[in-house]
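Here's start-v1.cif, which has mmCIF, C-alpha atoms:
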data_my_file
#
loop_
_atom_site.label_atom_id
_atom_site.label_comp_id
_atom_site.auth_asym_id
_atom_site.auth_seq_id
_atom_site.Cartn_x
_atom_site.Cartn_y
_atom_site.Cartn_z
CA MET A 693 130.45 132.54 69.37
CA ARG A 694 127.79 132.41 66.65
CA ARG A 695 129.78 129.67 64.93
CA VAL A 696 129.78 127.64 68.17
CA TYR A 697 125.99 127.95 68.56
CA LEU A 698 125.48 127.02 64.91
CA ALA A 699 127.70 123.96 65.27
CA LEU A 700 125.84 122.82 68.43
CA GLY A 701 122.52 123.25 66.66
CA LEU A 702 123.65 121.16 63.71
CA LEU A 703 124.83 118.43 66.09
CA LEU A 704 121.48 118.38 67.94
CA LEU A 705 119.26 118.30 64.85
CA PRO A 706 119.69 114.57 64.09
CA GLY A 707 118.91 113.67 67.72
CA MET A 708 115.85 115.93 67.80
CA SER A 709 114.60 114.41 64.57
CA TRP A 710 115.05 110.87 65.94
CA ALA A 711 113.17 111.74 69.15
CA GLN A 712 110.21 113.14 67.25
CA GLU A 713 110.13 110.19 64.88
CA SER A 714 110.54 107.29 67.33
CA GLN A 715 108.69 108.50 70.41
CA LYS A 716 105.30 109.54 69.07
CA GLU A 717 103.53 106.98 71.25
CA ASN A 718 105.22 107.92 74.50
CA GLU A 719 103.32 109.18 77.53
CA PHE A 720 104.56 110.34 80.90
CA THR A 721 102.15 110.91 83.77
CA MET A 722 102.62 112.00 87.33
CA SER A 723 100.22 111.65 90.24
CA MET A 724 100.42 113.10 93.72
CA GLN A 725 98.45 112.14 96.80
CA ILE A 726 98.01 113.71 100.20
CA ARG A 727 95.61 111.68 102.35
CA PRO A 728 95.27 112.63 106.03
CA ARG A 729 92.78 110.66 108.13
CA ALA A 730 91.70 111.57 111.64
CA GLU A 731 90.46 108.66 113.77
CA TYR A 732 88.69 108.30 117.09
CA ARG A 733 89.13 104.76 118.43
CA ASN A 734 87.01 103.64 121.31
CA GLY A 735 86.99 99.91 120.59
CA SER A 736 88.26 99.67 117.01
CA LEU A 737 90.40 96.67 115.94
CA PHE A 738 90.02 95.14 119.44
CA PRO A 739 87.16 95.55 121.96
CA ARG A 740 88.12 97.78 124.88
CA ASN A 741 88.08 96.84 128.53
CA GLU A 742 86.64 98.72 131.49
CA GLY A 743 88.82 101.76 132.14
CA ASP A 744 90.45 101.86 128.69
CA GLU A 745 90.48 105.42 127.39
CA ALA A 746 89.67 106.33 123.80
CA ALA A 747 92.56 107.08 121.41
CA SER A 748 92.70 109.83 118.78
CA PHE A 749 95.29 110.55 116.10
CA ILE A 750 95.77 111.73 112.52
CA ASN A 751 97.69 109.53 110.11
CA ASN A 752 98.85 110.67 106.69
CA ARG A 753 99.96 109.32 103.34
CA ALA A 754 102.11 111.50 101.07
CA ARG A 755 102.73 109.70 97.77
CA LEU A 756 104.43 110.69 94.53
CA SER A 757 104.05 108.41 91.50
CA MET A 758 105.52 108.61 88.01
CA GLU A 759 104.54 106.38 85.12
CA TYR A 760 105.92 106.02 81.60
CA LYS A 761 104.07 104.26 78.79
CA ARG A 762 104.57 103.35 75.18
CA SER A 763 103.21 100.50 73.10
CA ASP A 764 105.81 97.92 74.20
CA LEU A 765 106.90 99.21 77.62
CA SER A 766 105.40 100.61 80.83
CA MET A 767 107.21 101.62 84.00
CA LYS A 768 106.05 102.96 87.35
CA ILE A 769 108.00 104.41 90.23
CA SER A 770 106.07 105.41 93.35
CA ALA A 771 107.41 106.55 96.72
CA GLN A 772 105.53 107.46 99.86
CA HIS A 773 105.90 108.75 103.40
CA VAL A 774 103.35 107.38 105.85
CA GLY A 775 102.93 107.94 109.54
CA VAL A 776 101.09 109.78 112.29
CA TRP A 777 101.12 113.54 112.73
CA GLY A 778 103.65 114.36 115.43
CA GLN A 779 105.75 111.18 115.35
CA ASP A 780 108.59 112.88 113.44
CA PRO A 781 110.61 115.71 114.98
CA GLN A 782 110.55 119.20 113.50
CA ILE A 783 114.18 118.72 112.48
CA ASP A 784 114.37 115.18 111.06
CA THR A 785 117.58 113.69 109.69
CA ASN A 786 116.22 110.13 109.41
CA GLY A 787 113.41 110.35 106.87
CA ARG A 788 111.15 107.39 106.08
CA PHE A 789 110.42 108.06 102.41
CA ILE A 790 110.19 104.54 100.96
CA MET A 791 109.59 103.02 97.54
CA ASN A 792 106.13 101.42 97.55
CA GLU A 793 106.02 100.57 93.82
CA ALA A 794 108.81 100.04 91.32
CA TRP A 795 107.99 97.87 88.33
CA ALA A 796 108.42 97.53 84.58
CA LYS A 797 105.97 95.91 82.18
CA LEU A 798 107.16 94.54 78.85
CA ASN A 799 104.47 94.10 76.18
CA PHE A 800 105.43 91.49 73.58
CA GLY A 801 102.41 91.97 71.32
CA THR A 802 99.34 89.78 70.64
CA GLY A 803 98.36 90.07 74.31
CA PHE A 804 101.50 88.70 76.00
CA PHE A 805 103.36 90.67 78.70
CA ALA A 806 105.77 90.38 81.64
CA GLN A 807 105.67 92.68 84.67
CA LEU A 808 108.38 92.52 87.32
CA GLY A 809 109.26 94.40 90.48
CA ARG A 810 107.46 95.75 93.53
CA GLN A 811 103.77 95.89 92.63
CA THR A 812 100.19 95.63 93.84
CA LEU A 813 98.50 92.25 93.40
CA SER A 814 94.78 93.02 93.30
CA TYR A 815 92.45 90.34 91.94
CA ASP A 816 88.69 90.02 91.61
CA ASP A 817 86.95 91.50 94.67
CA GLU A 818 90.26 91.54 96.63
CA ARG A 819 89.15 88.80 99.00
CA ILE A 820 92.39 86.73 98.71
CA LEU A 821 94.80 89.18 97.03
CA GLY A 822 94.08 92.89 97.51
CA GLY A 823 95.76 96.28 97.40
CA LEU A 824 94.60 97.19 100.94
CA ASP A 825 94.33 100.86 100.01
CA TRP A 826 92.42 101.60 103.24
CA ASN A 827 95.63 101.01 105.16
CA VAL A 828 97.83 104.10 105.18
CA ALA A 829 100.73 102.12 103.69
CA GLY A 830 98.87 99.79 101.29
CA ARG A 831 100.08 96.28 100.42
CA TYR A 832 102.76 95.37 97.87
CA HIS A 833 104.61 92.27 96.66
CA ASP A 834 107.99 91.69 94.98
CA ALA A 835 107.10 89.45 92.07
CA LEU A 836 107.29 88.53 88.41
CA LYS A 837 103.93 88.47 86.62
CA LEU A 838 103.61 86.77 83.22
CA GLY A 839 100.33 87.25 81.41
CA TYR A 840 98.14 87.03 78.35
CA ALA A 841 94.94 88.92 77.58
CA ASN A 842 92.43 89.18 74.76
CA LYS A 843 88.82 90.39 74.59
CA ALA A 844 87.35 87.52 76.62
CA ASN A 845 90.27 85.90 78.46
CA GLN A 846 93.01 86.87 80.89
CA LEU A 847 95.67 84.55 82.26
CA HIS A 848 98.32 85.55 84.83
CA LEU A 849 101.17 83.53 86.29
CA ILE A 850 102.77 85.19 89.35
CA LEU A 851 106.12 84.03 90.73
CA ALA A 852 107.86 85.31 93.86
CA PHE A 853 110.96 84.33 95.81
CA ASN A 854 111.80 86.30 98.96
CA GLN A 855 114.73 86.68 101.34
CA ASN A 856 115.15 89.05 104.25
CA LYS A 857 118.79 89.83 103.30
CA GLU A 858 121.65 88.71 101.04
CA LYS A 859 123.03 85.34 102.15
CA THR A 860 126.59 84.00 102.27
CA LYS A 861 125.76 80.39 103.19
CA GLY A 862 122.97 77.88 102.86
CA GLY A 863 120.93 78.71 105.94
CA THR A 864 117.78 80.55 104.89
CA TYR A 865 115.77 81.04 108.05
CA TYR A 866 113.25 83.70 107.10
CA HIS A 867 112.84 86.33 109.82
CA ASP A 868 109.57 88.03 110.71
CA GLY A 869 109.12 91.62 109.55
CA ALA A 870 109.77 91.11 105.83
CA GLN A 871 107.37 89.61 103.30
CA PRO A 872 105.19 87.00 105.07
CA TYR A 873 106.08 84.15 102.71
CA LYS A 874 109.27 82.63 101.30
CA ASN A 875 107.96 81.86 97.82
CA MET A 876 104.68 82.01 95.94
CA GLN A 877 103.27 80.65 92.69
CA THR A 878 99.85 81.91 91.61
CA LEU A 879 97.80 81.15 88.53
CA TRP A 880 94.74 83.34 87.80
CA TYR A 881 92.31 82.99 84.89
CA HIS A 882 89.43 85.36 84.11
CA TYR A 883 86.69 84.89 81.51
CA THR A 884 84.26 87.60 80.37
CA ALA A 885 81.22 86.30 78.49
CA ASP A 886 80.39 87.96 75.19
CA GLU A 887 76.58 87.88 75.23
CA LEU A 888 75.88 87.63 78.98
CA PRO A 889 76.82 90.04 81.83
CA LEU A 890 78.85 87.19 83.32
CA ASP A 891 82.45 87.09 84.59
CA VAL A 892 84.19 84.03 86.00
CA SER A 893 87.60 83.84 87.68
CA LEU A 894 89.66 80.85 88.77
CA LEU A 895 92.56 81.16 91.23
CA PHE A 896 95.28 78.77 92.37
CA LEU A 897 97.84 80.02 94.90
CA ASN A 898 100.73 78.00 96.36
CA LEU A 899 102.56 79.59 99.31
CA GLY A 900 105.89 78.49 100.72
CA LEU A 901 105.87 79.44 104.42
CA GLU A 902 109.25 79.20 106.12
CA THR A 903 110.04 78.80 109.81
CA GLY A 904 113.22 77.81 111.60
CA VAL A 905 115.85 78.66 114.17
CA ALA A 906 117.67 81.95 113.63
CA ALA A 907 120.71 81.02 115.75
CA THR A 908 121.58 77.96 113.66
CA GLU A 909 119.99 79.23 110.43
CA THR A 910 118.09 75.98 109.98
CA SER A 911 114.75 76.27 108.25
CA HIS A 912 111.68 74.38 107.16
CA THR A 913 109.34 75.41 104.34
CA ARG A 914 105.74 74.23 104.39
CA TYR A 915 103.40 74.67 101.45
CA LEU A 916 99.82 75.89 101.68
CA GLN A 917 97.51 75.74 98.65
CA THR A 918 94.43 77.93 98.13
CA PHE A 919 92.18 77.52 95.08
CA GLY A 920 88.68 78.52 94.10
CA THR A 921 86.44 80.71 91.98
CA TYR A 922 84.79 84.12 91.94
CA ILE A 923 81.70 84.76 89.78
CA THR A 924 79.73 87.93 89.01
CA TYR A 925 76.43 88.20 87.14
CA LYS A 926 74.95 91.65 86.50
CA PRO A 927 71.68 91.58 84.56
CA GLN A 928 70.00 95.00 84.34
CA SER A 929 69.58 96.42 87.87
CA TRP A 930 71.03 93.39 89.65
CA ASP A 931 74.60 92.79 90.82
CA MET A 932 75.15 89.22 92.04
CA GLN A 933 78.46 87.82 93.26
CA GLY A 934 79.62 84.50 94.63
CA ALA A 935 82.95 83.03 95.71
CA PHE A 936 84.28 79.72 97.00
CA TYR A 937 87.85 78.87 98.05
CA TYR A 938 89.41 75.78 99.59
CA GLN A 939 92.73 75.49 101.46
CA THR A 940 94.91 72.44 101.91
CA GLY A 941 98.56 71.61 102.54
CA LYS A 942 100.35 72.72 105.74
CA ASN A 943 100.62 75.94 107.71
CA LYS A 944 103.68 77.39 109.47
CA SER A 945 103.02 75.20 112.50
CA ALA A 946 103.26 72.10 110.29
CA GLN A 947 99.57 71.32 110.82
CA SER A 948 97.67 69.72 107.96
CA VAL A 949 95.03 72.14 106.71
CA SER A 950 91.53 71.48 105.42
CA ALA A 951 89.54 74.74 105.34
CA PHE A 952 87.17 76.65 103.09
CA MET A 953 85.25 79.86 102.66
CA ALA A 954 82.09 80.74 100.74
CA SER A 955 80.34 84.03 100.09
CA VAL A 956 77.24 85.23 98.25
CA LYS A 957 75.98 88.76 97.75
CA ALA A 958 73.12 90.29 95.77
CA ALA A 959 72.52 94.01 95.22
CA TYR A 960 69.56 95.67 93.49
CA ALA A 961 69.43 99.27 92.26
CA PHE A 962 65.90 100.72 92.42
CA ASP A 963 67.02 103.82 90.52
CA LYS A 964 70.11 106.02 90.17
CA GLN A 965 69.86 107.01 93.84
CA TRP A 966 68.82 103.98 95.89
CA SER A 967 70.21 100.46 96.05
CA VAL A 968 70.15 97.66 98.64
CA SER A 969 72.36 94.61 99.16
CA LEU A 970 72.19 91.36 101.08
CA GLY A 971 75.12 89.02 101.66
CA TYR A 972 76.53 86.17 103.68
CA ASP A 973 80.13 85.05 104.27
CA TYR A 974 81.27 81.80 105.86
CA LEU A 975 84.92 81.18 106.77
CA SER A 976 85.52 77.82 108.40
CA GLY A 977 87.08 77.71 111.87
CA ASN A 978 89.09 75.40 114.05
CA GLY A 979 87.14 73.88 116.92
CA GLY A 980 90.10 72.00 118.36
CA LYS A 981 88.79 68.56 117.37
CA GLY A 982 90.31 66.23 114.81
CA ASP A 983 93.81 66.11 113.33
CA LYS A 984 93.19 68.79 110.66
CA PHE A 985 93.47 72.56 111.12
CA LYS A 986 90.16 73.85 109.76
CA ALA A 987 90.45 77.65 110.08
CA PHE A 988 90.46 79.36 106.69
CA ASP A 989 93.07 82.09 106.20
CA PRO A 990 92.01 84.86 103.73
CA LEU A 991 95.72 85.61 103.29
CA TYR A 992 96.52 88.96 101.67
CA GLY A 993 93.06 90.28 100.90
CA THR A 994 91.49 93.63 101.77
CA HIS A 995 89.71 92.44 104.92
CA HIS A 996 88.45 95.91 105.84
CA LYS A 997 86.20 95.73 102.79
CA PHE A 998 84.26 92.66 103.94
CA TYR A 999 84.15 91.85 107.64
CA GLY A 1000 83.02 95.10 109.21
CA ALA A 1001 84.71 98.50 109.14
CA MET A 1002 85.90 98.21 112.76
CA ASP A 1003 88.32 95.46 111.63
CA TYR A 1004 87.74 92.96 114.43
CA PHE A 1005 88.20 89.98 112.13
CA TYR A 1006 91.25 88.91 110.08
CA ALA A 1007 92.76 92.41 110.08
CA THR A 1008 93.64 91.62 113.72
CA ALA A 1009 94.33 88.33 115.49
CA TRP A 1010 91.97 86.08 117.41
CA GLN A 1011 92.53 85.59 121.12
CA GLY A 1012 93.66 81.98 121.39
CA ALA A 1013 91.41 79.87 119.17
CA ALA A 1014 90.65 80.54 115.48
CA PRO A 1015 86.91 79.81 115.39
CA GLY A 1016 86.22 81.17 111.89
CA LEU A 1017 83.44 83.58 111.03
CA GLN A 1018 79.86 83.85 109.84
CA ASP A 1019 78.92 87.32 108.61
CA ALA A 1020 75.34 88.15 107.56
CA GLN A 1021 75.12 91.61 105.96
CA LEU A 1022 72.43 94.07 104.94
CA GLY A 1023 73.33 97.33 103.21
CA VAL A 1024 71.68 100.47 101.82
CA ASN A 1025 73.34 102.95 99.44
CA PHE A 1026 71.92 106.41 98.71
CA LYS A 1027 73.29 109.00 96.27
CA THR A 1028 71.96 112.39 97.25
CA SER A 1029 73.60 114.02 94.21
CA LYS A 1030 76.37 113.43 91.70
CA LYS A 1031 78.88 114.49 94.31
CA VAL A 1032 77.50 113.03 97.56
CA SER A 1033 76.73 109.41 98.48
CA MET A 1034 76.03 107.53 101.71
CA GLN A 1035 76.26 103.90 102.82
CA LEU A 1036 74.71 102.16 105.82
CA ASN A 1037 75.67 98.54 106.50
CA TYR A 1038 74.61 96.08 109.21
CA HIS A 1039 76.63 92.97 110.11
CA TYR A 1040 75.67 90.10 112.36
CA PHE A 1041 78.73 88.05 113.35
CA ALA A 1042 79.01 84.52 114.69
CA THR A 1043 81.76 81.93 114.92
CA ALA A 1044 81.81 79.13 112.36
CA ALA A 1045 83.17 76.44 114.68
CA LYS A 1046 81.58 75.50 117.97
CA LEU A 1047 83.94 76.10 120.88
CA ASP A 1048 83.47 74.48 124.27
CA ASP A 1049 81.17 76.51 126.55
CA VAL A 1050 81.01 79.37 124.00
CA LYS A 1051 77.89 80.36 122.09
CA LYS A 1052 78.42 81.14 118.40
CA GLY A 1053 76.83 84.62 118.38
CA LEU A 1054 79.45 87.40 118.56
CA GLY A 1055 77.30 90.49 118.10
CA SER A 1056 76.21 93.17 115.66
CA GLU A 1057 78.07 96.02 113.97
CA VAL A 1058 76.63 99.07 112.21
CA ASP A 1059 78.78 101.05 109.75
CA TYR A 1060 77.92 104.42 108.22
CA GLN A 1061 79.99 106.23 105.58
CA LEU A 1062 79.60 109.54 103.75
CA ASP A 1063 81.55 110.43 100.58
CA TRP A 1064 81.62 113.93 99.05
CA ASN A 1065 83.52 114.85 95.89
CA VAL A 1066 84.34 118.39 96.95
CA MET A 1067 86.00 119.30 93.66
CA LYS A 1068 88.02 117.61 90.95
CA ASP A 1069 90.66 115.32 92.54
CA VAL A 1070 89.48 116.13 96.09
CA LYS A 1071 87.26 113.76 98.07
CA LEU A 1072 86.08 114.08 101.66
CA SER A 1073 84.97 110.90 103.45
CA ALA A 1074 83.70 110.30 106.97
CA GLY A 1075 82.37 107.32 108.87
CA TYR A 1076 81.04 106.13 112.17
CA SER A 1077 80.66 102.55 113.47
CA PHE A 1078 79.62 100.83 116.66
CA MET A 1079 79.70 97.24 117.87
CA LEU A 1080 77.21 95.55 120.19
CA GLY A 1081 79.15 92.47 121.25
CA THR A 1082 78.27 89.41 123.31
CA LYS A 1083 80.06 87.47 126.02
CA SER A 1084 81.40 85.19 123.31
CA MET A 1085 83.15 88.21 121.74
CA ASP A 1086 85.04 88.73 125.01
CA ILE A 1087 86.34 85.16 124.82
CA VAL A 1088 87.51 85.13 121.18
CA LYS A 1089 88.64 88.80 120.85
CA GLY A 1090 89.08 90.11 124.40
CA GLY A 1091 87.62 93.28 125.92
CA ASP A 1092 84.33 93.74 127.77
CA HIS A 1093 81.12 93.59 125.73
CA LYS A 1094 79.30 95.63 128.40
CA ARG A 1095 81.42 98.68 127.50
CA TRP A 1096 80.38 100.90 124.58
CA GLN A 1097 82.55 100.15 121.52
CA ASP A 1098 82.63 102.69 118.68
CA TRP A 1099 84.88 104.30 116.09
CA GLY A 1100 84.75 107.45 113.95
CA TRP A 1101 86.95 108.91 111.23
CA VAL A 1102 87.28 111.75 108.71
CA SER A 1103 89.57 111.60 105.67
CA LEU A 1104 90.51 114.03 102.91
CA ASN A 1105 91.94 112.46 99.75
CA ILE A 1106 93.71 114.88 97.38
CA ASN A 1107 94.89 112.89 94.38
CA PRO A 1108 95.51 114.77 91.10
CA ARG A 1109 96.87 112.93 88.05
CA ILE A 1110 98.71 115.04 85.52
CA LEU A 1111 99.54 114.20 81.90
CA PHE A 1112 102.99 115.74 81.93
CA VAL A 1113 104.30 114.87 78.46
CA LYS A 1114 102.82 113.14 75.45
CA TRP A 1115 104.56 112.98 72.08
#
Step by step, read the file and then write its structure as structure tokens.
Amino acid sequence: MRRVYLALGLLLLPGMSWAQESQKENEFTMSMQIRPRAEYRNGSLFPRNEGDEAASFINNRARLSMEYKRSDLSMKISAQHVGVWGQDPQIDTNGRFIMNEAWAKLNFGTGFFAQLGRQTLSYDDERILGGLDWNVAGRYHDALKLGYANKANQLHLILAFNQNKEKTKGGTYYHDGAQPYKNMQTLWYHYTADELPLDVSLLFLNLGLETGVAATETSHTRYLQTFGTYITYKPQSWDMQGAFYYQTGKNKSAQSVSAFMASVKAAYAFDKQWSVSLGYDYLSGNGGKGDKFKAFDPLYGTHHKFYGAMDYFYATAWQGAAPGLQDAQLGVNFKTSKKVSMQLNYHYFATAAKLDDVKKGLGSEVDYQLDWNVMKDVKLSAGYSFMLGTKSMDIVKGGDHKRWQDWGWVSLNINPRILFVKW
């Protein structure tokens, strides 16, 4: 028996030596997340009508992520279970544990790389392409990303081609419920100035949107182009941002599109505790006149971040017309300590386009949020919002503006990241 053990040891020695010699740069990390969020909805997402009762629930994200890195290769596998407490039976034989990320990144040296698979596309302030982490499921794309980066410049080319299932013949009608586009080509460039606190991004995004007839599997693909810029300038205590995007081409309804959006925001930090911000967003709308569709679509951004926490706009649909949005914002941030911070934001909303017999003013929203880092890897957040709508809000979003509309939530985010192996 001793001879057998000795022989096995001699056989393993060369392999052990190779592993120690060739894998010195390797790193394996694991992260886990449990994120329950309790919500009270009394007019969130859509205004409520007379007699509508408030809704309450607890949703939850349970996510397990593993990532491997070395100098020329990175890989990430992440799976999650999302849902509402109580929707699954105690004895469940049909689990919904799905892969939310699965990608590999090949580094070719001198700044060049290729990343392919299911991945987050999060760019700039997430206005056009965002990770949507607020949503319990997040947002992911199946894509190939080719890129180059050095100290001052980044350039990404993103390519995607989607189908809802494997095909056996030419018909490619793309059903609802899968990715929202048939194909996508995106070019993103980012420049960081060396001597100034200035960053500039340029984005061009071409979407192939497919519609058709499922029974005959005939399809039509229309192409919508979005391009523009995002700029930040942060001298000393100031944080100034601006963005402009234009859309052209055709939408799914085969309408010719001519739309734009613009945003500006300035924040000033008085000290380490207090800061204030002032901003304005304009997203063009369609007034029903002319032969062009003029409502800007912010596509796959993180809308919850910009247009009010109650998610009346772009996270949910308009009622009938798409009148666009004006959003004037005033915010105050206060850090009571290293672990606790608070935000208070005011929004005044109005339509961008003038609709017949409808005034532009939609109303005011107030959002409050508290964040407390309870301990390492554990964060408690809570918020409360209310909307004071107008009669115009009833017309473009539904509901009854005379009813009180509010929303509250509490969330606990437990998200440790563990360096499992490094050699």
For the file shown, what are the residues hit by the PyMOL selection byres ((chain A and resi 1032) around 8), laid out as an MDAnalysis selection string?
-> chainID A and resid 1027:1031 1033:1034 1062:1065
Separation of atom CA of Trp880 of chain A from atom CA of Leu838 of chain A in Å | 10.6 Å
Between atom CA of Val1070 of chain A and atom CA of Phe789 of chain A - distance in Å to one decimal =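 Going from atom CA of Phe789 of chain A over to atom CA of Val1070 of chain A covers 23.3 Å.
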Just how far from atom CA of Asp780 of chain A is atom CA of Asn751 of chain A, in Å to one decimal?
->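 Separation between atom CA of Asn751 of chain A and atom CA of Asp780 of chain A: 11.9 Å.
Comparing A:Trp1099, A:Tyr1004, A:Phe998, A:Tyr873 by their smallest distance to Lys944 of chain A, the closest is A:Tyr873 (using all atoms listed in the file).
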Can you turn the PyMOL selection byres ((chain A and resi 824) around 8) into a concrete residue list for this file, as a ChimeraX atom specification?
-> /A:822-823,825-827,830-831,993-996
Selected residue, from A:Ala1009, A:Leu1036, A:Ala844, A:Ile820, that lies nearest to Gly920 of chain A when counting all atoms listed in the file | A:Ile820
Contacts of segment 800-815 of chain A at 7 Å or less, counting only C-alpha atoms, minus same-chain residues fewer than 3 places along, as a PyMOL selection string?
-> chain A and resi 764+793-797+818+821-823+831-842
